[in-house]
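Peer 1: So that you have it, the file is final35.cif, and it contains mmCIF, N, CA and C atoms:
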data_input
#
loop_
_atom_site.group_PDB
_atom_site.id
_atom_site.type_symbol
_atom_site.label_atom_id
_atom_site.label_comp_id
_atom_site.auth_asym_id
_atom_site.auth_seq_id
_atom_site.Cartn_x
_atom_site.Cartn_y
_atom_site.Cartn_z
ATOM 1 N N MET C 236 0.839 -1.173 0.000
ATOM 2 C CA MET C 236 0.000 0.000 0.000
ATOM 3 C C MET C 236 0.888 1.241 0.000
ATOM 4 N N ALA C 237 0.543 2.210 -0.813
ATOM 5 C CA ALA C 237 1.346 3.427 -0.931
ATOM 6 C C ALA C 237 1.222 4.280 0.327
ATOM 7 N N ARG C 238 2.322 4.952 0.677
ATOM 8 C CA ARG C 238 2.324 5.865 1.819
ATOM 9 C C ARG C 238 2.372 7.287 1.279
ATOM 10 N N TYR C 239 1.689 8.206 1.952
ATOM 11 C CA TYR C 239 1.627 9.597 1.524
ATOM 12 C C TYR C 239 2.224 10.485 2.612
ATOM 13 N N LYS C 240 2.971 11.507 2.181
ATOM 14 C CA LYS C 240 3.597 12.416 3.127
ATOM 15 C C LYS C 240 3.542 13.820 2.535
ATOM 16 N N ARG C 241 3.143 14.793 3.342
ATOM 17 C CA ARG C 241 3.090 16.181 2.883
ATOM 18 C C ARG C 241 4.454 16.837 2.976
ATOM 19 N N MET C 242 4.823 17.572 1.912
ATOM 20 C CA MET C 242 6.035 18.389 1.905
ATOM 21 C C MET C 242 5.639 19.740 1.326
ATOM 22 N N GLY C 243 5.311 20.683 2.189
ATOM 23 C CA GLY C 243 4.850 21.981 1.710
ATOM 24 C C GLY C 243 3.544 21.810 0.964
ATOM 25 N N ASP C 244 3.513 22.316 -0.276
ATOM 26 C CA ASP C 244 2.320 22.201 -1.106
ATOM 27 C C ASP C 244 2.258 20.877 -1.872
ATOM 28 N N LEU C 245 3.311 20.068 -1.743
ATOM 29 C CA LEU C 245 3.376 18.812 -2.489
ATOM 30 C C LEU C 245 2.934 17.638 -1.631
ATOM 31 N N LEU C 246 2.432 16.637 -2.283
ATOM 32 C CA LEU C 246 2.101 15.384 -1.624
ATOM 33 C C LEU C 246 3.051 14.340 -2.179
ATOM 34 N N VAL C 247 3.897 13.796 -1.336
ATOM 35 C CA VAL C 247 4.882 12.810 -1.767
ATOM 36 C C VAL C 247 4.292 11.422 -1.573
ATOM 37 N N VAL C 248 4.322 10.631 -2.634
ATOM 38 C CA VAL C 248 3.793 9.278 -2.591
ATOM 39 C C VAL C 248 4.967 8.312 -2.555
ATOM 40 N N THR C 249 4.985 7.459 -1.554
ATOM 41 C CA THR C 249 6.007 6.420 -1.464
ATOM 42 C C THR C 249 5.335 5.100 -1.810
ATOM 43 N N PRO C 250 5.626 4.570 -3.015
ATOM 44 C CA PRO C 250 4.969 3.318 -3.408
ATOM 45 C C PRO C 250 5.472 2.146 -2.582
ATOM 46 N N PRO C 251 4.700 1.088 -2.517
ATOM 47 C CA PRO C 251 5.163 -0.093 -1.784
ATOM 48 C C PRO C 251 6.405 -0.667 -2.467
ATOM 49 N N SER C 252 7.247 -1.317 -1.687
ATOM 50 C CA SER C 252 8.459 -1.876 -2.282
ATOM 51 C C SER C 252 8.102 -3.028 -3.213
ATOM 52 N N LYS C 253 8.877 -3.161 -4.252
ATOM 53 C CA LYS C 253 8.654 -4.189 -5.264
ATOM 54 C C LYS C 253 9.762 -5.221 -5.194
ATOM 55 N N THR C 254 9.458 -6.400 -5.692
ATOM 56 C CA THR C 254 10.488 -7.415 -5.860
ATOM 57 C C THR C 254 11.269 -7.043 -7.112
ATOM 58 N N VAL C 255 12.558 -6.807 -6.950
ATOM 59 C CA VAL C 255 13.399 -6.424 -8.083
ATOM 60 C C VAL C 255 14.381 -7.555 -8.342
ATOM 61 N N GLU C 256 14.410 -8.023 -9.574
ATOM 62 C CA GLU C 256 15.356 -9.079 -9.914
ATOM 63 C C GLU C 256 16.267 -8.609 -11.035
ATOM 64 N N GLU C 257 17.474 -9.103 -11.021
ATOM 65 C CA GLU C 257 18.429 -8.814 -12.080
ATOM 66 C C GLU C 257 18.321 -9.940 -13.110
ATOM 67 N N VAL C 258 18.127 -9.573 -14.364
ATOM 68 C CA VAL C 258 17.953 -10.547 -15.434
ATOM 69 C C VAL C 258 18.962 -10.222 -16.534
ATOM 70 N N SER C 259 19.760 -11.199 -16.923
ATOM 71 C CA SER C 259 20.705 -10.962 -18.011
ATOM 72 C C SER C 259 19.949 -10.889 -19.336
ATOM 73 N N ALA C 260 20.544 -10.221 -20.312
ATOM 74 C CA ALA C 260 19.926 -10.129 -21.637
ATOM 75 C C ALA C 260 19.722 -11.524 -22.219
ATOM 76 N N ARG C 261 20.648 -12.422 -21.951
ATOM 77 C CA ARG C 261 20.528 -13.798 -22.442
ATOM 78 C C ARG C 261 19.320 -14.490 -21.820
ATOM 79 N N GLU C 262 19.153 -14.330 -20.494
ATOM 80 C CA GLU C 262 18.001 -14.951 -19.827
ATOM 81 C C GLU C 262 16.694 -14.373 -20.352
ATOM 82 N N LEU C 263 16.663 -13.064 -20.578
ATOM 83 C CA LEU C 263 15.460 -12.434 -21.126
ATOM 84 C C LEU C 263 15.151 -13.007 -22.503
ATOM 85 N N ASN C 264 16.185 -13.216 -23.308
ATOM 86 C CA ASN C 264 16.005 -13.784 -24.637
ATOM 87 C C ASN C 264 15.450 -15.210 -24.563
ATOM 88 N N ARG C 265 15.931 -15.977 -23.607
ATOM 89 C CA ARG C 265 15.523 -17.381 -23.496
ATOM 90 C C ARG C 265 14.173 -17.566 -22.801
ATOM 91 N N ASP C 266 13.838 -16.688 -21.857
ATOM 92 C CA ASP C 266 12.623 -16.872 -21.057
ATOM 93 C C ASP C 266 11.824 -15.572 -20.952
ATOM 94 N N THR C 267 11.560 -14.949 -22.087
ATOM 95 C CA THR C 267 10.844 -13.666 -22.096
ATOM 96 C C THR C 267 9.490 -13.775 -21.408
ATOM 97 N N SER C 268 8.721 -14.810 -21.723
ATOM 98 C CA SER C 268 7.379 -14.923 -21.139
ATOM 99 C C SER C 268 7.451 -15.107 -19.625
ATOM 100 N N GLY C 269 8.449 -15.838 -19.119
ATOM 101 C CA GLY C 269 8.596 -16.015 -17.676
ATOM 102 C C GLY C 269 8.943 -14.718 -16.971
ATOM 103 N N VAL C 270 9.869 -13.955 -17.561
ATOM 104 C CA VAL C 270 10.256 -12.667 -16.972
ATOM 105 C C VAL C 270 9.065 -11.722 -16.979
ATOM 106 N N LEU C 271 8.351 -11.661 -18.100
ATOM 107 C CA LEU C 271 7.187 -10.774 -18.183
ATOM 108 C C LEU C 271 6.088 -11.193 -17.212
ATOM 109 N N ALA C 272 5.923 -12.475 -16.989
ATOM 110 C CA ALA C 272 4.920 -12.950 -16.021
ATOM 111 C C ALA C 272 5.269 -12.462 -14.622
ATOM 112 N N ARG C 273 6.564 -12.493 -14.269
ATOM 113 C CA ARG C 273 6.979 -12.011 -12.944
ATOM 114 C C ARG C 273 6.777 -10.498 -12.821
ATOM 115 N N VAL C 274 7.015 -9.771 -13.917
ATOM 116 C CA VAL C 274 6.788 -8.318 -13.902
ATOM 117 C C VAL C 274 5.295 -8.036 -13.761
ATOM 118 N N CYS C 275 4.465 -8.773 -14.498
ATOM 119 C CA CYS C 275 3.008 -8.586 -14.408
ATOM 120 C C CYS C 275 2.468 -8.928 -13.028
ATOM 121 N N ALA C 276 3.175 -9.797 -12.300
ATOM 122 C CA ALA C 276 2.752 -10.181 -10.950
ATOM 123 C C ALA C 276 3.174 -9.132 -9.918
ATOM 124 N N GLY C 277 3.725 -8.019 -10.380
ATOM 125 C CA GLY C 277 4.059 -6.933 -9.459
ATOM 126 C C GLY C 277 5.534 -6.731 -9.219
ATOM 127 N N GLY C 278 6.390 -7.374 -9.967
ATOM 128 C CA GLY C 278 7.830 -7.209 -9.782
ATOM 129 C C GLY C 278 8.431 -6.247 -10.786
ATOM 130 N N ARG C 279 9.724 -6.109 -10.712
ATOM 131 C CA ARG C 279 10.497 -5.347 -11.689
ATOM 132 C C ARG C 279 11.666 -6.213 -12.114
ATOM 133 N N ALA C 280 12.146 -5.996 -13.323
ATOM 134 C CA ALA C 280 13.326 -6.709 -13.798
ATOM 135 C C ALA C 280 14.314 -5.690 -14.338
ATOM 136 N N VAL C 281 15.534 -5.736 -13.829
ATOM 137 C CA VAL C 281 16.610 -4.900 -14.340
ATOM 138 C C VAL C 281 17.394 -5.783 -15.306
ATOM 139 N N VAL C 282 17.365 -5.427 -16.575
ATOM 140 C CA VAL C 282 18.052 -6.207 -17.596
ATOM 141 C C VAL C 282 19.496 -5.728 -17.674
ATOM 142 N N THR C 283 20.431 -6.687 -17.587
ATOM 143 C CA THR C 283 21.848 -6.336 -17.624
ATOM 144 C C THR C 283 22.527 -7.005 -18.817
ATOM 145 N N LYS C 284 23.567 -6.351 -19.302
ATOM 146 C CA LYS C 284 24.415 -6.896 -20.354
ATOM 147 C C LYS C 284 25.841 -6.721 -19.871
ATOM 148 N N HIS C 285 26.556 -7.813 -19.731
ATOM 149 C CA HIS C 285 27.917 -7.800 -19.175
ATOM 150 C C HIS C 285 27.941 -7.163 -17.788
ATOM 151 N N GLY C 286 26.874 -7.401 -17.004
ATOM 152 C CA GLY C 286 26.809 -6.919 -15.633
ATOM 153 C C GLY C 286 26.373 -5.469 -15.470
ATOM 154 N N GLN C 287 26.160 -4.753 -16.573
ATOM 155 C CA GLN C 287 25.742 -3.351 -16.504
ATOM 156 C C GLN C 287 24.258 -3.238 -16.837
ATOM 157 N N PRO C 288 23.498 -2.450 -16.072
ATOM 158 C CA PRO C 288 22.064 -2.309 -16.353
ATOM 159 C C PRO C 288 21.844 -1.584 -17.670
ATOM 160 N N ILE C 289 20.950 -2.124 -18.495
ATOM 161 C CA ILE C 289 20.641 -1.478 -19.770
ATOM 162 C C ILE C 289 19.157 -1.138 -19.906
ATOM 163 N N ALA C 290 18.308 -1.785 -19.086
ATOM 164 C CA ALA C 290 16.875 -1.514 -19.160
ATOM 165 C C ALA C 290 16.198 -1.953 -17.874
ATOM 166 N N VAL C 291 15.035 -1.364 -17.613
ATOM 167 C CA VAL C 291 14.207 -1.762 -16.479
ATOM 168 C C VAL C 291 12.831 -2.109 -17.025
ATOM 169 N N LEU C 292 12.350 -3.286 -16.687
ATOM 170 C CA LEU C 292 11.007 -3.701 -17.080
ATOM 171 C C LEU C 292 10.084 -3.529 -15.879
ATOM 172 N N MET C 293 8.962 -2.863 -16.095
ATOM 173 C CA MET C 293 7.976 -2.653 -15.029
ATOM 174 C C MET C 293 6.594 -2.558 -15.646
ATOM 175 N N GLU C 294 5.575 -2.643 -14.804
ATOM 176 C CA GLU C 294 4.206 -2.540 -15.282
ATOM 177 C C GLU C 294 3.956 -1.145 -15.853
ATOM 178 N N VAL C 295 3.068 -1.071 -16.833
ATOM 179 C CA VAL C 295 2.778 0.203 -17.495
ATOM 180 C C VAL C 295 2.248 1.229 -16.491
ATOM 181 N N ASP C 296 1.344 0.831 -15.607
ATOM 182 C CA ASP C 296 0.787 1.774 -14.630
ATOM 183 C C ASP C 296 1.876 2.369 -13.750
ATOM 184 N N GLU C 297 2.842 1.559 -13.377
ATOM 185 C CA GLU C 297 3.935 2.048 -12.548
ATOM 186 C C GLU C 297 4.800 3.031 -13.332
ATOM 187 N N ALA C 298 5.075 2.735 -14.597
ATOM 188 C CA ALA C 298 5.877 3.630 -15.429
ATOM 189 C C ALA C 298 5.173 4.976 -15.618
ATOM 190 N N VAL C 299 3.865 4.934 -15.822
ATOM 191 C CA VAL C 299 3.092 6.164 -15.967
ATOM 192 C C VAL C 299 3.165 6.971 -14.667
ATOM 193 N N GLY C 300 3.065 6.282 -13.523
ATOM 194 C CA GLY C 300 3.165 6.962 -12.230
ATOM 195 C C GLY C 300 4.525 7.602 -12.025
ATOM 196 N N LEU C 301 5.592 6.942 -12.483
ATOM 197 C CA LEU C 301 6.925 7.509 -12.341
ATOM 198 C C LEU C 301 7.097 8.772 -13.177
ATOM 199 N N CYS C 302 6.378 8.847 -14.299
ATOM 200 C CA CYS C 302 6.460 10.039 -15.141
ATOM 201 C C CYS C 302 5.913 11.264 -14.409
ATOM 202 N N GLY C 303 5.016 11.047 -13.470
ATOM 203 C CA GLY C 303 4.413 12.155 -12.748
ATOM 204 C C GLY C 303 5.159 12.549 -11.490
ATOM 205 N N THR C 304 6.222 11.839 -11.133
ATOM 206 C CA THR C 304 6.947 12.178 -9.912
ATOM 207 C C THR C 304 7.937 13.296 -10.170
ATOM 208 N N SER C 305 8.397 13.889 -9.110
ATOM 209 C CA SER C 305 9.343 14.999 -9.236
ATOM 210 C C SER C 305 10.708 14.484 -9.668
ATOM 211 N N LEU C 306 11.550 15.394 -10.091
ATOM 212 C CA LEU C 306 12.905 15.032 -10.508
ATOM 213 C C LEU C 306 13.692 14.523 -9.305
ATOM 214 N N LEU C 307 14.468 13.491 -9.530
ATOM 215 C CA LEU C 307 15.251 12.884 -8.463
ATOM 216 C C LEU C 307 16.730 12.919 -8.833
ATOM 217 N N ARG C 308 17.577 12.923 -7.815
ATOM 218 C CA ARG C 308 19.000 12.754 -8.082
ATOM 219 C C ARG C 308 19.210 11.342 -8.596
ATOM 220 N N LYS C 309 20.279 11.118 -9.349
ATOM 221 C CA LYS C 309 20.521 9.816 -9.980
ATOM 222 C C LYS C 309 20.503 8.689 -8.952
ATOM 223 N N ARG C 310 21.176 8.870 -7.828
ATOM 224 C CA ARG C 310 21.215 7.812 -6.812
ATOM 225 C C ARG C 310 19.836 7.498 -6.252
ATOM 226 N N ASP C 311 19.047 8.549 -6.019
ATOM 227 C CA ASP C 311 17.690 8.336 -5.504
ATOM 228 C C ASP C 311 16.833 7.599 -6.530
ATOM 229 N N ALA C 312 16.980 7.963 -7.798
ATOM 230 C CA ALA C 312 16.219 7.290 -8.849
ATOM 231 C C ALA C 312 16.629 5.824 -8.961
ATOM 232 N N GLU C 313 17.952 5.558 -8.875
ATOM 233 C CA GLU C 313 18.424 4.173 -8.930
ATOM 234 C C GLU C 313 17.874 3.365 -7.771
ATOM 235 N N ARG C 314 17.894 3.939 -6.559
ATOM 236 C CA ARG C 314 17.374 3.230 -5.393
ATOM 237 C C ARG C 314 15.890 2.945 -5.548
ATOM 238 N N ARG C 315 15.147 3.919 -6.079
ATOM 239 C CA ARG C 315 13.702 3.738 -6.241
ATOM 240 C C ARG C 315 13.405 2.661 -7.289
ATOM 241 N N LEU C 316 14.163 2.649 -8.377
ATOM 242 C CA LEU C 316 13.926 1.668 -9.431
ATOM 243 C C LEU C 316 14.451 0.279 -9.090
ATOM 244 N N PHE C 317 15.691 0.216 -8.584
ATOM 245 C CA PHE C 317 16.355 -1.068 -8.407
ATOM 246 C C PHE C 317 16.222 -1.642 -7.007
ATOM 247 N N GLY C 318 15.921 -0.808 -6.017
ATOM 248 C CA GLY C 318 15.955 -1.255 -4.631
ATOM 249 C C GLY C 318 17.354 -1.013 -4.081
ATOM 250 N N ASP C 319 17.487 -0.921 -2.770
ATOM 251 C CA ASP C 319 18.764 -0.573 -2.147
ATOM 252 C C ASP C 319 19.883 -1.552 -2.477
ATOM 253 N N GLU C 320 19.592 -2.832 -2.351
ATOM 254 C CA GLU C 320 20.642 -3.847 -2.535
ATOM 255 C C GLU C 320 21.185 -3.877 -3.955
ATOM 256 N N LEU C 321 20.293 -3.944 -4.937
ATOM 257 C CA LEU C 321 20.734 -4.036 -6.321
ATOM 258 C C LEU C 321 21.391 -2.730 -6.770
ATOM 259 N N ALA C 322 20.878 -1.588 -6.326
ATOM 260 C CA ALA C 322 21.493 -0.309 -6.691
ATOM 261 C C ALA C 322 22.927 -0.248 -6.183
ATOM 262 N N ALA C 323 23.156 -0.697 -4.954
ATOM 263 C CA ALA C 323 24.516 -0.696 -4.395
ATOM 264 C C ALA C 323 25.425 -1.639 -5.174
ATOM 265 N N GLU C 324 24.927 -2.817 -5.531
ATOM 266 C CA GLU C 324 25.733 -3.783 -6.293
ATOM 267 C C GLU C 324 26.083 -3.237 -7.675
ATOM 268 N N LEU C 325 25.122 -2.636 -8.359
ATOM 269 C CA LEU C 325 25.394 -2.082 -9.683
ATOM 270 C C LEU C 325 26.380 -0.918 -9.601
ATOM 271 N N ARG C 326 26.290 -0.132 -8.533
ATOM 272 C CA ARG C 326 27.233 0.983 -8.347
ATOM 273 C C ARG C 326 28.643 0.438 -8.125
ATOM 274 N N ARG C 327 28.772 -0.647 -7.329
ATOM 275 C CA ARG C 327 30.087 -1.270 -7.106
ATOM 276 C C ARG C 327 30.678 -1.770 -8.419
ATOM 277 N N ARG C 328 29.860 -2.419 -9.229
ATOM 278 C CA ARG C 328 30.343 -2.917 -10.522
ATOM 279 C C ARG C 328 30.813 -1.774 -11.405
ATOM 280 N N SER C 329 30.046 -0.698 -11.409
ATOM 281 C CA SER C 329 30.395 0.457 -12.235
ATOM 282 C C SER C 329 31.732 1.054 -11.796
ATOM 283 N N LEU C 330 31.956 1.133 -10.481
ATOM 284 C CA LEU C 330 33.208 1.694 -9.981
ATOM 285 C C LEU C 330 34.391 0.789 -10.304
ATOM 286 N N ARG C 331 34.171 -0.535 -10.313
ATOM 287 C CA ARG C 331 35.261 -1.457 -10.660
ATOM 288 C C ARG C 331 35.668 -1.306 -12.109
ATOM 289 N N GLN C 332 34.723 -0.969 -12.988
ATOM 290 C CA GLN C 332 35.028 -0.848 -14.407
ATOM 291 C C GLN C 332 35.564 0.523 -14.775
ATOM 292 N N ALA C 333 35.434 1.500 -13.913
ATOM 293 C CA ALA C 333 35.859 2.865 -14.218
ATOM 294 C C ALA C 333 37.318 2.957 -14.640
ATOM 295 N N PRO C 334 38.284 2.307 -13.959
ATOM 296 C CA PRO C 334 39.683 2.427 -14.407
ATOM 297 C C PRO C 334 39.883 1.930 -15.843
ATOM 298 N N ARG C 335 39.201 0.859 -16.224
ATOM 299 C CA ARG C 335 39.347 0.331 -17.588
ATOM 300 C C ARG C 335 38.795 1.308 -18.609
ATOM 301 N N LEU C 336 37.679 1.968 -18.265
ATOM 302 C CA LEU C 336 37.088 2.926 -19.190
ATOM 303 C C LEU C 336 37.983 4.147 -19.378
ATOM 304 N N LEU C 337 38.768 4.457 -18.370
ATOM 305 C CA LEU C 337 39.650 5.619 -18.439
ATOM 306 C C LEU C 337 41.045 5.270 -18.925
ATOM 307 N N GLY C 338 41.239 4.039 -19.382
ATOM 308 C CA GLY C 338 42.518 3.644 -19.946
ATOM 309 C C GLY C 338 43.479 3.053 -18.949
ATOM 310 N N GLY C 339 43.065 2.844 -17.711
ATOM 311 C CA GLY C 339 43.924 2.249 -16.690
ATOM 312 C C GLY C 339 43.797 0.733 -16.685
ATOM 313 N N GLU C 340 44.497 0.086 -15.811
ATOM 314 C CA GLU C 340 44.509 -1.378 -15.617
ATOM 315 C C GLU C 340 44.093 -2.129 -16.835
#
If you convert what's in this file into structure tokens, what do you get?
Peer 2:
Amino acid sequence: MARYKRMGDLLVVTPPSKTVEEVSARELNRDTSGVLARVCAGGRAVVTKHGQPIAVLMEVDEAVGLCGTSLLRKRDAERRLFGDELAAELRRRSLRQAPRLLGGE
């Protein structure tokens, strides 16, 4: 159930937490109907390629609701979309790859 909180003239809606799973592009290719069934059951799927997130699958109503929310900092948006655990893991992976992208190691 969504929680509501007043901030000045705004009403902030905190949606209920969702089950977020990480799905590789290969798994999505092999089991598209299974992944979509889990998303339709109220979950989210973060599609990754080589360990990096490339897409988020979610219900249409949820995506429409996100379009109406206020602008968020990147970290806040990642936490809201991916959940705390997965957002932290994806951030760690990104930091590990940073030296290679900059020509190091």
Peer 1: Could you tell me which residues the PyMOL selection byres ((chain C and resi 288-293) around 8) returns for this structure, as a tab-separated table (two decimals) with N, CA and C atoms, in the frame of the given file?
Peer 2:
chain	number	residue	atom	x	y	z
C	274	VAL	N	7.02	-9.77	-13.92
C	274	VAL	CA	6.79	-8.32	-13.90
C	274	VAL	C	5.30	-8.04	-13.76
C	275	CYS	N	4.46	-8.77	-14.50
C	275	CYS	CA	3.01	-8.59	-14.41
C	275	CYS	C	2.47	-8.93	-13.03
C	277	GLY	N	3.72	-8.02	-10.38
C	277	GLY	CA	4.06	-6.93	-9.46
C	277	GLY	C	5.53	-6.73	-9.22
C	278	GLY	N	6.39	-7.37	-9.97
C	278	GLY	CA	7.83	-7.21	-9.78
C	278	GLY	C	8.43	-6.25	-10.79
C	279	ARG	N	9.72	-6.11	-10.71
C	279	ARG	CA	10.50	-5.35	-11.69
C	279	ARG	C	11.67	-6.21	-12.11
C	280	ALA	N	12.15	-6.00	-13.32
C	280	ALA	CA	13.33	-6.71	-13.80
C	280	ALA	C	14.31	-5.69	-14.34
C	281	VAL	N	15.53	-5.74	-13.83
C	281	VAL	CA	16.61	-4.90	-14.34
C	281	VAL	C	17.39	-5.78	-15.31
C	282	VAL	N	17.36	-5.43	-16.58
C	282	VAL	CA	18.05	-6.21	-17.60
C	282	VAL	C	19.50	-5.73	-17.67
C	283	THR	N	20.43	-6.69	-17.59
C	283	THR	CA	21.85	-6.34	-17.62
C	283	THR	C	22.53	-7.00	-18.82
C	284	LYS	N	23.57	-6.35	-19.30
C	284	LYS	CA	24.42	-6.90	-20.35
C	284	LYS	C	25.84	-6.72	-19.87
C	285	HIS	N	26.56	-7.81	-19.73
C	285	HIS	CA	27.92	-7.80	-19.18
C	285	HIS	C	27.94	-7.16	-17.79
C	286	GLY	N	26.87	-7.40	-17.00
C	286	GLY	CA	26.81	-6.92	-15.63
C	286	GLY	C	26.37	-5.47	-15.47
C	287	GLN	N	26.16	-4.75	-16.57
C	287	GLN	CA	25.74	-3.35	-16.50
C	287	GLN	C	24.26	-3.24	-16.84
C	294	GLU	N	5.58	-2.64	-14.80
C	294	GLU	CA	4.21	-2.54	-15.28
C	294	GLU	C	3.96	-1.14	-15.85
C	295	VAL	N	3.07	-1.07	-16.83
C	295	VAL	CA	2.78	0.20	-17.50
C	295	VAL	C	2.25	1.23	-16.49
C	296	ASP	N	1.34	0.83	-15.61
C	296	ASP	CA	0.79	1.77	-14.63
C	296	ASP	C	1.88	2.37	-13.75
C	297	GLU	N	2.84	1.56	-13.38
C	297	GLU	CA	3.94	2.05	-12.55
C	297	GLU	C	4.80	3.03	-13.33
C	298	ALA	N	5.08	2.74	-14.60
C	298	ALA	CA	5.88	3.63	-15.43
C	298	ALA	C	5.17	4.98	-15.62
C	299	VAL	N	3.86	4.93	-15.82
C	299	VAL	CA	3.09	6.16	-15.97
C	299	VAL	C	3.16	6.97	-14.67
C	316	LEU	N	14.16	2.65	-8.38
C	316	LEU	CA	13.93	1.67	-9.43
C	316	LEU	C	14.45	0.28	-9.09
C	325	LEU	N	25.12	-2.64	-8.36
C	325	LEU	CA	25.39	-2.08	-9.68
C	325	LEU	C	26.38	-0.92	-9.60
Peer 1: To one decimal place in Å, what is the distance between atom C of Lys309 (chain C) and atom N of Val255 (chain C)?
Peer 2: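 The value is 17.5 Å.
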Peer 1: To one decimal place, how far is CA of Arg261 (chain C) from CA of Asp311 (chain C) in Å?
Peer 2: 28.0 Å
Peer 1: Just give me the gap between CA of Ser268 (chain C) and CA of Ala323 (chain C) in Å, one decimal is fine.
Peer 2: 27.9 Å
Peer 1: Which one of C:Ala272, C:Arg331, C:Gly318, C:Glu324 sits closest to Lys253 (chain C) if you count only N, CA and C atoms?
Peer 2: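 The answer is C:Gly318, which sits nearest to Lys253 (chain C).
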Peer 1: For the strand (DSSP E or B) assignment from backbone DSSP, which residues of region 267-335 of chain C qualify? Please present them as a PyMOL selection string.
Peer 2: chain C and resi 279-284+287-292
Peer 1: Return as JSON the box centre and box size in Å, one decimal, for an axis-aligned box around all listed atoms of region 256-260 of chain C padded by 4 Å per side.
Peer 2:
{"center_x": 17.6, "center_y": -9.8, "center_z": -15.9, "size_x": 14.3, "size_y": 11.5, "size_z": 20.6}
